[in-house]
Structures are given as C-alpha cells and as structure tokens.
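Content type PDB, C-alpha atoms, from the file coords32.pdb:
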```pdb
ATOM      1  CA  MET A   1       9.181   0.516  26.985
ATOM      2  CA  LYS A   2       6.057  -1.408  25.948
ATOM      3  CA  ARG A   3       4.872   1.582  23.918
ATOM      4  CA  LEU A   4       8.292   1.938  22.261
ATOM      5  CA  LYS A   5       8.193  -1.737  21.281
ATOM      6  CA  ALA A   6       4.693  -1.279  19.837
ATOM      7  CA  ILE A   7       5.833   1.748  17.825
ATOM      8  CA  GLY A   8       8.853  -0.203  16.568
ATOM      9  CA  ALA A   9       6.650  -3.153  15.604
ATOM     10  CA  PHE A  10       4.256  -0.825  13.766
ATOM     11  CA  TRP A  11       7.033   0.806  11.706
ATOM     12  CA  TYR A  12       8.659  -2.574  10.989
ATOM     13  CA  ASP A  13       5.335  -3.899   9.712
ATOM     14  CA  PHE A  14       4.643  -0.644   7.820
ATOM     15  CA  VAL A  15       8.002  -0.504   6.021
ATOM     16  CA  ILE A  16       9.291  -4.077   5.870
ATOM     17  CA  GLY A  17       6.007  -6.030   5.783
ATOM     18  CA  ASP A  18       5.574  -9.795   5.769
ATOM     19  CA  ASP A  19       8.953 -10.817   4.337
ATOM     20  CA  TRP A  20      12.128  -8.987   5.377
ATOM     21  CA  ARG A  21      14.092 -10.804   2.655
ATOM     22  CA  VAL A  22      12.366  -8.675  -0.003
ATOM     23  CA  ALA A  23      13.591  -5.500   1.700
ATOM     24  CA  ALA A  24      17.091  -6.972   2.050
ATOM     25  CA  VAL A  25      17.259  -7.909  -1.652
ATOM     26  CA  VAL A  26      16.033  -4.451  -2.760
ATOM     27  CA  VAL A  27      18.559  -2.628  -0.560
ATOM     28  CA  ALA A  28      21.413  -4.943  -1.633
ATOM     29  CA  ALA A  29      20.478  -4.556  -5.315
ATOM     30  CA  LEU A  30      20.448  -0.767  -5.005
ATOM     31  CA  ALA A  31      23.835  -0.791  -3.287
ATOM     32  CA  LEU A  32      25.273  -3.046  -5.997
ATOM     33  CA  THR A  33      23.765  -0.847  -8.722
ATOM     34  CA  ALA A  34      25.333   2.274  -7.198
ATOM     35  CA  LEU A  35      28.658   0.442  -6.943
ATOM     36  CA  LEU A  36      28.545  -0.681 -10.574
ATOM     37  CA  VAL A  37      27.579   2.794 -11.799
ATOM     38  CA  HIS A  38      30.026   4.850  -9.746
ATOM     39  CA  ALA A  39      32.975   2.467  -9.296
ATOM     40  CA  ALA A  40      32.919   0.372 -12.469
ATOM     41  CA  GLY A  41      31.195   2.818 -14.835
ATOM     42  CA  VAL A  42      28.525   0.234 -15.813
ATOM     43  CA  ASN A  43      25.059   1.658 -16.469
ATOM     44  CA  ALA A  44      23.357  -1.258 -14.655
ATOM     45  CA  TRP A  45      19.729  -0.167 -15.135
ATOM     46  CA  TRP A  46      18.695  -3.814 -15.578
ATOM     47  CA  LEU A  47      19.995  -5.040 -12.205
ATOM     48  CA  LEU A  48      17.243  -3.720  -9.889
ATOM     49  CA  PRO A  49      14.299  -5.030 -11.988
ATOM     50  CA  VAL A  50      15.933  -8.470 -12.233
ATOM     51  CA  CYS A  51      16.551  -8.578  -8.458
ATOM     52  CA  VAL A  52      13.018  -7.352  -7.665
ATOM     53  CA  PHE A  53      11.447 -10.031  -9.887
ATOM     54  CA  GLY A  54      13.725 -12.624  -8.292
ATOM     55  CA  ALA A  55      12.810 -11.450  -4.786
ATOM     56  CA  LEU A  56       9.094 -11.617  -5.576
ATOM     57  CA  GLY A  57       9.413 -15.150  -6.962
ATOM     58  CA  TRP A  58      11.553 -16.270  -4.018
ATOM     59  CA  SER A  59       9.126 -14.786  -1.501
ATOM     60  CA  LEU A  60       6.121 -16.393  -3.223
ATOM     61  CA  ARG A  61       7.895 -19.731  -3.333
ATOM     62  CA  ARG A  62       8.645 -19.576   0.386
ATOM     63  CA  ALA A  63       5.067 -18.493   1.204
ATOM     64  CA  THR A  64       3.502 -21.343  -0.786
ATOM     65  CA  ALA A  65       5.884 -24.052   0.415
ATOM     66  CA  GLY A  66       3.911 -24.600   3.665
ATOM     67  CA  PRO A  67       0.276 -25.679   4.218
ATOM     68  CA  LYS A  68      -2.517 -23.427   2.907
ATOM     69  CA  PRO A  69      -4.864 -21.467   5.253
TER      70      PRO A  69
ATOM     71  CA  MET B   1       5.968  13.576 -16.887
ATOM     72  CA  ASN B   2       2.246  14.087 -17.480
ATOM     73  CA  SER B   3       0.224  14.570 -14.257
ATOM     74  CA  LEU B   4      -2.501  12.094 -15.245
ATOM     75  CA  PRO B   5      -0.591   8.824 -14.525
ATOM     76  CA  LEU B   6       0.478  10.307 -11.180
ATOM     77  CA  ILE B   7      -3.095  11.302 -10.263
ATOM     78  CA  LEU B   8      -4.516   7.912 -11.335
ATOM     79  CA  THR B   9      -1.862   5.900  -9.464
ATOM     80  CA  VAL B  10      -2.373   7.887  -6.254
ATOM     81  CA  PHE B  11      -6.172   7.703  -6.707
ATOM     82  CA  VAL B  12      -6.285   3.886  -6.903
ATOM     83  CA  ALA B  13      -3.744   3.388  -4.097
ATOM     84  CA  CYS B  14      -5.597   5.793  -1.802
ATOM     85  CA  ALA B  15      -8.999   4.300  -2.686
ATOM     86  CA  VAL B  16      -7.819   0.949  -1.274
ATOM     87  CA  GLU B  17      -6.703   2.570   1.992
ATOM     88  CA  ALA B  18      -9.848   4.731   2.211
ATOM     89  CA  THR B  19     -12.028   1.626   1.807
ATOM     90  CA  GLU B  20     -10.315  -0.045   4.767
ATOM     91  CA  ALA B  21     -10.657   3.107   6.902
ATOM     92  CA  LEU B  22     -14.327   3.434   5.941
ATOM     93  CA  THR B  23     -15.024  -0.123   7.132
ATOM     94  CA  ILE B  24     -13.670   0.725  10.601
ATOM     95  CA  VAL B  25     -15.461   4.093  10.797
ATOM     96  CA  LEU B  26     -18.802   2.539   9.782
ATOM     97  CA  ALA B  27     -18.411  -0.292  12.295
ATOM     98  CA  SER B  28     -17.705   2.263  15.021
ATOM     99  CA  GLY B  29     -20.410   4.767  14.058
ATOM    100  CA  LEU B  30     -23.248   2.343  13.369
ATOM    101  CA  THR B  31     -22.725   0.160  16.452
ATOM    102  CA  ARG B  32     -21.406   2.678  19.001
ATOM    103  CA  GLU B  33     -21.876   6.434  18.632
ATOM    104  CA  TRP B  34     -21.424   8.744  15.648
ATOM    105  CA  ARG B  35     -20.359  11.803  17.661
ATOM    106  CA  SER B  36     -17.353  10.059  19.266
ATOM    107  CA  THR B  37     -16.555   8.344  15.968
ATOM    108  CA  PHE B  38     -16.433  11.683  14.153
ATOM    109  CA  GLN B  39     -14.309  13.157  16.955
ATOM    110  CA  GLY B  40     -11.789  10.314  16.559
ATOM    111  CA  MET B  41     -11.804  10.751  12.789
ATOM    112  CA  ALA B  42     -11.345  14.533  13.063
ATOM    113  CA  VAL B  43      -8.393  14.245  15.467
ATOM    114  CA  ALA B  44      -6.741  11.653  13.189
ATOM    115  CA  LEU B  45      -7.215  13.947  10.161
ATOM    116  CA  VAL B  46      -5.623  16.847  12.073
ATOM    117  CA  VAL B  47      -2.608  14.649  12.962
ATOM    118  CA  LEU B  48      -2.302  13.573   9.307
ATOM    119  CA  ALA B  49      -2.530  17.200   8.129
ATOM    120  CA  ILE B  50       0.298  18.129  10.521
ATOM    121  CA  VAL B  51       2.431  15.243   9.166
ATOM    122  CA  VAL B  52       1.838  16.383   5.563
ATOM    123  CA  ALA B  53       2.509  20.039   6.433
ATOM    124  CA  ALA B  54       5.739  19.152   8.259
ATOM    125  CA  VAL B  55       7.208  16.381   6.109
ATOM    126  CA  GLY B  56       6.010  17.370   2.615
ATOM    127  CA  PRO B  57       7.790  20.748   2.263
ATOM    128  CA  ALA B  58      10.849  19.454   4.190
ATOM    129  CA  LEU B  59      11.343  16.694   1.618
ATOM    130  CA  THR B  60      11.466  19.220  -1.224
ATOM    131  CA  LEU B  61      14.740  20.489   0.330
ATOM    132  CA  VAL B  62      16.367  17.024   0.001
ATOM    133  CA  PRO B  63      18.442  16.610  -3.203
ATOM    134  CA  LEU B  64      16.407  14.775  -5.848
ATOM    135  CA  GLY B  65      18.974  11.960  -6.297
ATOM    136  CA  ALA B  66      19.018  11.040  -2.600
ATOM    137  CA  LEU B  67      15.243  11.377  -2.347
ATOM    138  CA  ARG B  68      14.714   9.066  -5.317
ATOM    139  CA  LEU B  69      17.134   6.469  -3.932
ATOM    140  CA  VAL B  70      15.422   6.255  -0.535
ATOM    141  CA  VAL B  71      11.853   6.658  -1.754
ATOM    142  CA  GLY B  72      12.463   4.297  -4.685
ATOM    143  CA  ALA B  73      13.718   1.608  -2.292
ATOM    144  CA  LEU B  74      10.703   2.072   0.000
ATOM    145  CA  LEU B  75       8.226   2.035  -2.890
ATOM    146  CA  ALA B  76       9.813  -1.073  -4.431
ATOM    147  CA  ILE B  77       9.623  -2.870  -1.055
ATOM    148  CA  PHE B  78       6.015  -1.706  -0.583
ATOM    149  CA  GLY B  79       5.092  -2.646  -4.141
ATOM    150  CA  VAL B  80       6.543  -6.164  -3.967
ATOM    151  CA  GLN B  81       4.764  -6.771  -0.634
ATOM    152  CA  TRP B  82       1.443  -5.633  -2.153
ATOM    153  CA  LEU B  83       2.010  -7.818  -5.225
ATOM    154  CA  ARG B  84       2.975 -10.770  -3.020
ATOM    155  CA  LYS B  85      -0.245 -10.465  -1.010
ATOM    156  CA  ALA B  86      -2.426  -9.950  -4.095
ATOM    157  CA  ILE B  87      -0.889 -12.954  -5.899
ATOM    158  CA  LEU B  88      -1.206 -15.209  -2.836
ATOM    159  CA  ARG B  89      -4.857 -14.163  -2.447
ATOM    160  CA  ALA B  90      -5.602 -14.572  -6.149
ATOM    161  CA  THR B  91      -4.181 -18.097  -6.163
ATOM    162  CA  GLY B  92      -5.939 -19.288  -3.013
ATOM    163  CA  HIS B  93      -2.799 -19.395  -0.837
ATOM    164  CA  LYS B  94      -4.090 -16.609   1.409
ATOM    165  CA  SER B  95      -7.648 -15.664   2.367
ATOM    166  CA  LEU B  96      -9.149 -12.823   0.347
ATOM    167  CA  HIS B  97      -9.427  -9.554   2.276
ATOM    168  CA  ASP B  98     -13.170  -9.409   2.690
ATOM    169  CA  GLU B  99     -14.490  -6.004   3.825
ATOM    170  CA  ALA B 100     -17.829  -7.579   4.809
ATOM    171  CA  SER B 101     -16.247 -10.051   7.246
ATOM    172  CA  ALA B 102     -13.741  -7.425   8.467
ATOM    173  CA  TYR B 103     -16.769  -5.202   9.194
ATOM    174  CA  LEU B 104     -18.547  -8.000  11.090
ATOM    175  CA  ARG B 105     -15.434  -8.633  13.209
ATOM    176  CA  GLU B 106     -15.196  -4.919  14.110
ATOM    177  CA  VAL B 107     -18.937  -4.788  14.887
ATOM    178  CA  ALA B 108     -18.704  -7.810  17.217
ATOM    179  CA  ALA B 109     -15.742  -6.269  19.069
ATOM    180  CA  ALA B 110     -17.461  -2.858  19.254
ATOM    181  CA  LYS B 111     -20.658  -4.385  20.694
ATOM    182  CA  ALA B 112     -18.716  -6.271  23.359
ATOM    183  CA  ALA B 113     -16.746  -3.257  24.630
ATOM    184  CA  ALA B 114     -18.019  -1.206  27.576
ATOM    185  CA  VAL B 115     -18.990   2.478  27.208
ATOM    186  CA  THR B 116     -16.629   4.813  29.079
ATOM    187  CA  SER B 117     -16.400   8.619  28.882
ATOM    188  CA  ARG B 118     -12.985  10.292  28.932
ATOM    189  CA  ARG B 119     -11.555  13.753  28.191
ATOM    190  CA  GLY B 120     -14.881  15.136  26.936
ATOM    191  CA  VAL B 121     -15.507  12.149  24.655
ATOM    192  CA  ASN B 122     -18.778  10.283  25.322
ATOM    193  CA  ASP B 123     -17.615   6.892  24.026
ATOM    194  CA  TRP B 124     -13.848   6.387  24.331
ATOM    195  CA  TYR B 125     -13.922   3.029  22.491
ATOM    196  CA  ALA B 126     -15.646   4.543  19.429
ATOM    197  CA  PHE B 127     -13.210   7.471  19.510
ATOM    198  CA  THR B 128     -10.047   5.334  19.661
ATOM    199  CA  LEU B 129     -11.324   2.782  17.127
ATOM    200  CA  SER B 130     -12.099   5.515  14.616
ATOM    201  CA  PHE B 131      -8.893   7.458  15.437
ATOM    202  CA  LYS B 132      -6.623   4.425  14.989
ATOM    203  CA  GLY B 133      -8.352   3.253  11.797
ATOM    204  CA  VAL B 134      -8.197   6.640  10.085
ATOM    205  CA  LEU B 135      -4.665   7.393  11.326
ATOM    206  CA  LEU B 136      -3.110   4.058  10.293
ATOM    207  CA  GLU B 137      -4.766   3.880   6.867
ATOM    208  CA  GLY B 138      -4.223   7.632   6.483
ATOM    209  CA  LEU B 139      -0.494   7.266   7.128
ATOM    210  CA  GLU B 140      -0.267   4.992   4.084
ATOM    211  CA  VAL B 141      -2.160   7.605   2.044
ATOM    212  CA  VAL B 142       0.222  10.307   3.293
ATOM    213  CA  PHE B 143       3.249   8.146   2.453
ATOM    214  CA  ILE B 144       1.986   7.575  -1.090
ATOM    215  CA  VAL B 145       1.058  11.254  -1.623
ATOM    216  CA  ILE B 146       4.346  12.617  -0.304
ATOM    217  CA  THR B 147       6.630  10.106  -2.047
ATOM    218  CA  PHE B 148       4.907  10.302  -5.418
ATOM    219  CA  GLY B 149       4.286  14.051  -5.186
ATOM    220  CA  ASP B 150       7.796  14.998  -4.079
ATOM    221  CA  ASN B 151       9.548  12.659  -6.505
ATOM    222  CA  GLN B 152       7.629  14.130  -9.424
ATOM    223  CA  ARG B 153       7.962  17.593  -7.854
ATOM    224  CA  ASN B 154       4.179  17.740  -8.272
ATOM    225  CA  LEU B 155       2.679  17.442  -4.783
ATOM    226  CA  GLY B 156      -0.495  19.202  -5.978
ATOM    227  CA  ALA B 157      -1.354  16.443  -8.484
ATOM    228  CA  ALA B 158      -0.755  13.730  -5.861
ATOM    229  CA  VAL B 159      -2.988  15.568  -3.369
ATOM    230  CA  ILE B 160      -5.723  15.844  -6.042
ATOM    231  CA  GLY B 161      -5.562  12.072  -6.664
ATOM    232  CA  ALA B 162      -5.708  11.260  -2.940
ATOM    233  CA  ALA B 163      -8.461  13.766  -2.166
ATOM    234  CA  ALA B 164     -10.570  12.486  -5.079
ATOM    235  CA  ALA B 165     -10.194   8.900  -3.803
ATOM    236  CA  VAL B 166     -11.105   9.782  -0.211
ATOM    237  CA  VAL B 167     -14.123  11.860  -1.327
ATOM    238  CA  ALA B 168     -15.319   9.151  -3.768
ATOM    239  CA  ILE B 169     -15.069   6.362  -1.178
ATOM    240  CA  THR B 170     -16.609   8.513   1.597
ATOM    241  CA  VAL B 171     -19.566   9.587  -0.562
ATOM    242  CA  THR B 172     -20.154   5.992  -1.676
ATOM    243  CA  GLY B 173     -19.917   4.781   1.932
ATOM    244  CA  ILE B 174     -22.423   7.412   3.126
ATOM    245  CA  ALA B 175     -24.758   6.489   0.263
ATOM    246  CA  VAL B 176     -24.777   2.736   0.950
ATOM    247  CA  ARG B 177     -24.113   2.908   4.724
ATOM    248  CA  ALA B 178     -22.298  -0.420   4.495
ATOM    249  CA  PRO B 179     -18.741  -1.645   3.903
ATOM    250  CA  LEU B 180     -17.758  -1.586   0.244
ATOM    251  CA  ALA B 181     -17.579  -5.375  -0.059
ATOM    252  CA  ARG B 182     -18.237  -5.320  -3.790
ATOM    253  CA  LEU B 183     -15.135  -3.317  -4.625
ATOM    254  CA  PRO B 184     -12.618  -5.613  -6.361
ATOM    255  CA  GLU B 185     -10.074  -4.837  -3.652
ATOM    256  CA  ASN B 186      -7.601  -7.564  -4.586
ATOM    257  CA  ALA B 187      -7.567  -6.504  -8.232
ATOM    258  CA  MET B 188      -7.004  -2.909  -7.090
ATOM    259  CA  LYS B 189      -4.174  -4.028  -4.784
ATOM    260  CA  PHE B 190      -2.638  -5.969  -7.671
ATOM    261  CA  ALA B 191      -2.740  -2.876  -9.892
ATOM    262  CA  VAL B 192      -1.335  -0.639  -7.153
ATOM    263  CA  GLY B 193       1.428  -3.178  -6.450
ATOM    264  CA  ILE B 194       2.426  -3.041 -10.120
ATOM    265  CA  MET B 195       2.530   0.772 -10.103
ATOM    266  CA  LEU B 196       4.394   1.055  -6.765
ATOM    267  CA  THR B 197       6.962  -1.543  -7.869
ATOM    268  CA  SER B 198       7.457   0.096 -11.284
ATOM    269  CA  PHE B 199       7.864   3.620  -9.888
ATOM    270  CA  GLY B 200      10.035   2.287  -7.044
ATOM    271  CA  VAL B 201      12.385   0.433  -9.404
ATOM    272  CA  PHE B 202      12.548   3.429 -11.750
ATOM    273  CA  TRP B 203      13.268   6.051  -9.087
ATOM    274  CA  GLY B 204      15.467   3.769  -6.964
ATOM    275  CA  ALA B 205      17.754   2.884  -9.873
ATOM    276  CA  GLU B 206      17.832   6.537 -10.980
ATOM    277  CA  GLY B 207      18.759   7.551  -7.451
ATOM    278  CA  ALA B 208      21.575   4.961  -7.520
ATOM    279  CA  GLY B 209      22.930   6.737 -10.588
ATOM    280  CA  VAL B 210      21.731   4.795 -13.635
ATOM    281  CA  SER B 211      20.404   6.415 -16.811
ATOM    282  CA  TRP B 212      17.337   4.578 -18.040
ATOM    283  CA  PRO B 213      17.262   3.904 -21.786
ATOM    284  CA  GLY B 214      14.739   6.426 -23.122
ATOM    285  CA  ASN B 215      14.692   8.325 -19.793
ATOM    286  CA  ASP B 216      11.124   8.795 -18.435
ATOM    287  CA  ALA B 217       9.673   6.857 -21.385
ATOM    288  CA  SER B 218      11.200   3.653 -20.002
ATOM    289  CA  LEU B 219       8.473   3.684 -17.322
ATOM    290  CA  LEU B 220       6.023   2.934 -20.130
ATOM    291  CA  GLY B 221       7.964  -0.275 -20.741
ATOM    292  CA  LEU B 222       8.628  -1.060 -17.084
ATOM    293  CA  VAL B 223       4.953  -1.052 -16.018
ATOM    294  CA  PRO B 224       3.844  -3.752 -18.514
ATOM    295  CA  VAL B 225       6.939  -5.845 -17.751
ATOM    296  CA  VAL B 226       6.168  -5.789 -14.011
ATOM    297  CA  ALA B 227       2.531  -6.627 -14.815
ATOM    298  CA  LEU B 228       3.522  -9.527 -17.084
ATOM    299  CA  VAL B 229       5.965 -11.011 -14.560
ATOM    300  CA  SER B 230       3.341 -10.730 -11.796
ATOM    301  CA  LEU B 231       0.661 -12.334 -13.961
ATOM    302  CA  GLY B 232       3.186 -15.033 -14.877
ATOM    303  CA  TYR B 233       3.789 -15.822 -11.192
ATOM    304  CA  THR B 234       0.000 -15.848 -10.645
ATOM    305  CA  ALA B 235      -0.462 -18.324 -13.497
ATOM    306  CA  LEU B 236       2.363 -20.536 -12.214
ATOM    307  CA  LEU B 237       0.989 -20.643  -8.667
ATOM    308  CA  ARG B 238      -2.538 -21.209  -9.944
ATOM    309  CA  GLN B 239      -1.324 -24.123 -11.998
ATOM    310  CA  ALA B 240       0.517 -25.575  -9.006
ATOM    311  CA  ALA B 241      -2.571 -25.124  -6.792
ATOM    312  CA  ARG B 242      -5.070 -26.583  -9.276
ATOM    313  CA  PRO B 243      -5.239 -30.187  -7.977
ATOM    314  CA  THR B 244      -6.031 -29.095  -4.402
ATOM    315  CA  ALA B 245      -7.865 -25.752  -4.420
ATOM    316  CA  PRO B 246      -9.821 -23.667  -6.947
ATOM    317  CA  ALA B 247      -7.961 -20.467  -7.804
ATOM    318  CA  VAL B 248      -9.523 -17.012  -7.966
ATOM    319  CA  HIS B 249      -8.573 -14.580 -10.720
ATOM    320  CA  PRO B 250      -7.737 -11.117  -9.320
ATOM    321  CA  SER B 251     -10.590  -9.565 -11.290
ATOM    322  CA  GLN B 252     -13.062 -12.193 -10.051
ATOM    323  CA  GLU B 253     -12.591 -11.347  -6.397
ATOM    324  CA  GLU B 254     -15.925  -9.547  -6.078
ATOM    325  CA  VAL B 255     -17.709 -12.676  -7.257
ATOM    326  CA  ALA B 256     -15.764 -14.792  -4.774
ATOM    327  CA  SER B 257     -16.379 -12.479  -1.838
ATOM    328  CA  SER B 258     -20.092 -11.890  -2.500
TER     329      SER B 258
END
```
How does this structure look as structure tokens?
Amino acid sequence: MKRLKAIGAFWYDFVIGDDWRVAAVVVAALALTALLVHAAGVNAWWLLPVCVFGALGWSLRRATAGPKP
Amino acid sequence: MNSLPLILTVFVACAVEATEALTIVLASGLTREWRSTFQGMAVALVVLAIVVAAVGPALTLVPLGALRLVVGALLAIFGVQWLRKAILRATGHKSLHDEASAYLREVAAAKAAAVTSRRGVNDWYAFTLSFKGVLLEGLEVVFIVITFGDNQRNLGAAVIGAAAAVVAITVTGIAVRAPLARLPENAMKFAVGIMLTSFGVFWGAEGAGVSWPGNDASLLGLVPVVALVSLGYTALLRQAARPTAPAVHPSQEEVASS
C-alpha cells in the first residue's frame, strides 16, 4: 500500500507538477476546443493558446502572492 | 517538418535532464564506490531501454489524432510547469536550481550512509542512488523522445537529439569530474518550457480537431508568441519584485550561481 502511494505520488508529480490548476485548465480548454470544432463548427485554434497563457499568468500570480523563500 | 528543430528541441530538453542525472552519479561515484554506481546506472539504462522498446513502437499504432490530443495536453502541462519554475527562479521568487549545492547535499547524504552489500552489489546505497537518479531523470528523457518522435513520426531524429545530449553531458562530466554548475540551467529550462508549450499547444489543438492557419508553419509563429508572453510575465514579476529583491535574468543564472 505504501509503495502504491509512493508510485501514485511520483506519477502525480511527474505529470501534474506543482500546480494542478494548470493541468485542469489545459484539459478543459482542449475539451472546449473539441466541442467548438465538432459541435459548433468553429475552428477555435486560438482558444488553447489563450487559455494556456491565462493559466500560466494565474499560476504565477498565485505562486508570488505569498512570502518569498 | 524538418528534422533539425525536432533534434535541437530534444537535445536541449535532454541535456537539462542529463545534467541532473550526472550530478547524482558523480556524487555517488566520487564519495562511495564507482563499481556499484555503474551497476546502478547500467540497470537503470536497461529498464529505460525496455520502456522505449515497449512503448515507442506501440504508440505508432495509435491513431495520430488521438495521440496528438493526449500528448499535446501532456506537453502543454509539462511546458507551462517548466516555464512557471523558470520564471519564478529568474525573478527571485524561487531559489535557482544550483547543481553545485545539489551535489554537496548528495555528497553529505552519501558520506553519512552505511556501507551494506546486497544481491552481489558491494555498496547498496551507491547502487540505489545511481539507479534512482538515472531512472527518474531518464524517464523524462524517454517521455520527451517518445512524444516528440512519435508525434512527428520521426523517432530516429528524436533519439539522435537525446543521444547527442546524453553523450555531450557525460563526456563533459567525465572531463571535469564535477557537477556542471556553470551550465545556464535556468535559461535552458526556460527555452525548453517555450518549446514544450508551443509543441503541446500545436499538437493538442490539432488533436482536438482544429486546422491551424498555415498548417505546420503556424508553429513558427507560435514559438515566438509563447516566448514573448513568457518574457512579458518575467518582466512584470521582476518589476513587482524590484523594491524587495534583486531579480536575475534567465541568461545571467550562471553568474548568479557561481
């Protein structure tokens, strides 16, 4: 059980990293892009870059809001 | 797409990982025992080779659209995390990753550990330290090689880039017999973050079904845009940090860490 937890923690850190919100925004943006393309017929190539830049800014803002090391 | 951007991107990304692995291997070999260190390294390389042999060809069977969607998402997440770290380090909000101090920490831990023999290995601590270091950093190399290589349907070029990086860092490490503290690691991470994010956004959106204006050529526009936005965030945070702490430009990291 302990080993399973360690493996899970390793893969979480490997894939998700320091801020899970970034991963959530990327996945949500991709889902919305697919929806716009396939359901609404909108070629939303601009959506993912905008969301990624927003996620980076949001994550940086959150990281710098507290005290420095 | 031309193989050169693929080879260069994989080269720089893998050089960063190889530098971190080298620091651990040197700390283990120089303070404990080279034989056990090499054994740990060799076993880790065999495990990595098995992963590449198993996963690499299997991924070529996955439809390109699905592969690009999943890999694009992973690369974009990876890329933003790398950029986040590099920007925080460059603006003084996070300590710079210093290979020299990382090496000293590993050396202190290695000196304190007891020598025990197990399963035909003289020094189990040196073996596991080297094995874990090479395996964990190597997994990131494998991830980069497989995702970039399979997405471009050019695994050979990605392997060339990775192998060149590992050989270059290993030869340099053997020559200086010290951690590569003078490598501008943060600047390299910044550059890799830009490339991972750009490729991730490009492939992810393509996998979701969009057609990029100009097709593959749009990557040539996407890379500078990602770079500009990242530099913009760096400038903003540096400006905000100015009254309290001196900021470090990504390219000045080697000066700061020396």
#### Entry: CA of Val134 (chain B) to CA of Met41 (chain B), straight-line distance in Å
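For CA of Met41 (chain B) relative to CA of Val134 (chain B), the distance reads 6.1 Å.
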### Task
Could the residues of chain B within 9 Å of chain A, counting only C-alpha atoms, be given as an MDAnalysis selection string, please?
chainID B and resid 69 73:74 76:78 80:81 83:85 87:88 92:95 140 197:198 201:202 204:213 222 226 229:230 233 237
### Message
Please compute the CA of Val145 (chain B)-CA of Arg89 (chain B) distance, one decimal, in Å.
### Response
26.1 Å
### Task
In Å, rounded to a single decimal, give me how far CA of Asp123 (chain B) is from CA of Glu20 (chain B).
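Calculated distance between CA of Glu20 (chain B) and CA of Asp123 (chain B) is 21.7 Å.
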#### Entry: Residues matched by the PyMOL selection byres ((chain B and resi 174) around 12), written as a ChimeraX atom specification
/B:19,22-23,25-26,29-30,167-173,175-180
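Taking all atoms listed in the file into account, the polymer residues that have an atom no farther than 7 Å from (-14.7, -3.1, 16.9) are Ala27, Ser28, Arg105, Glu106, Val107, Ala108, Ala109, Ala110 and Leu129 of chain B.
Proximity of B:Ala126, B:Ala90, B:Ile146, B:Leu236 to Ala58 (chain B), computed with all atoms listed in the file, is greatest for B:Ile146.
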### Query
Could you write out as a VMD selection string the residues that the PyMOL selection byres ((chain B and resi 118-122) around 9) matches in the shown file?
chain B and resid 33 35 to 36 39 115 to 117 123 to 124 126 to 127
### Message
Quick check on the file I pasted: which residues fall under the PyMOL selection byres ((chain B and resi 138) around 9)? Write them as a list of chain:residue names.
### Response
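That expression, the PyMOL selection byres ((chain B and resi 138) around 9), corresponds here to B:Cys14, B:Glu17, B:Ala18, B:Ala21, B:Ala44, B:Leu45, B:Leu48, B:Gly133, B:Val134, B:Leu135, B:Leu136, B:Glu137, B:Leu139, B:Glu140, B:Val141, B:Val142, B:Phe143.
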Saved selection, atoms kept: C-alpha atoms, as a compact mmCIF listing (two decimals), in the coordinates of the input:
```txt
# COMPACT_ATOMS: atom_id res chain seq x y z
CA CYS B 14 -5.60 5.79 -1.80
CA GLU B 17 -6.70 2.57 1.99
CA ALA B 18 -9.85 4.73 2.21
CA ALA B 21 -10.66 3.11 6.90
CA ALA B 44 -6.74 11.65 13.19
CA LEU B 45 -7.22 13.95 10.16
CA LEU B 48 -2.30 13.57 9.31
CA GLY B 133 -8.35 3.25 11.80
CA VAL B 134 -8.20 6.64 10.09
CA LEU B 135 -4.66 7.39 11.33
CA LEU B 136 -3.11 4.06 10.29
CA GLU B 137 -4.77 3.88 6.87
CA LEU B 139 -0.49 7.27 7.13
CA GLU B 140 -0.27 4.99 4.08
CA VAL B 141 -2.16 7.60 2.04
CA VAL B 142 0.22 10.31 3.29
CA PHE B 143 3.25 8.15 2.45
```
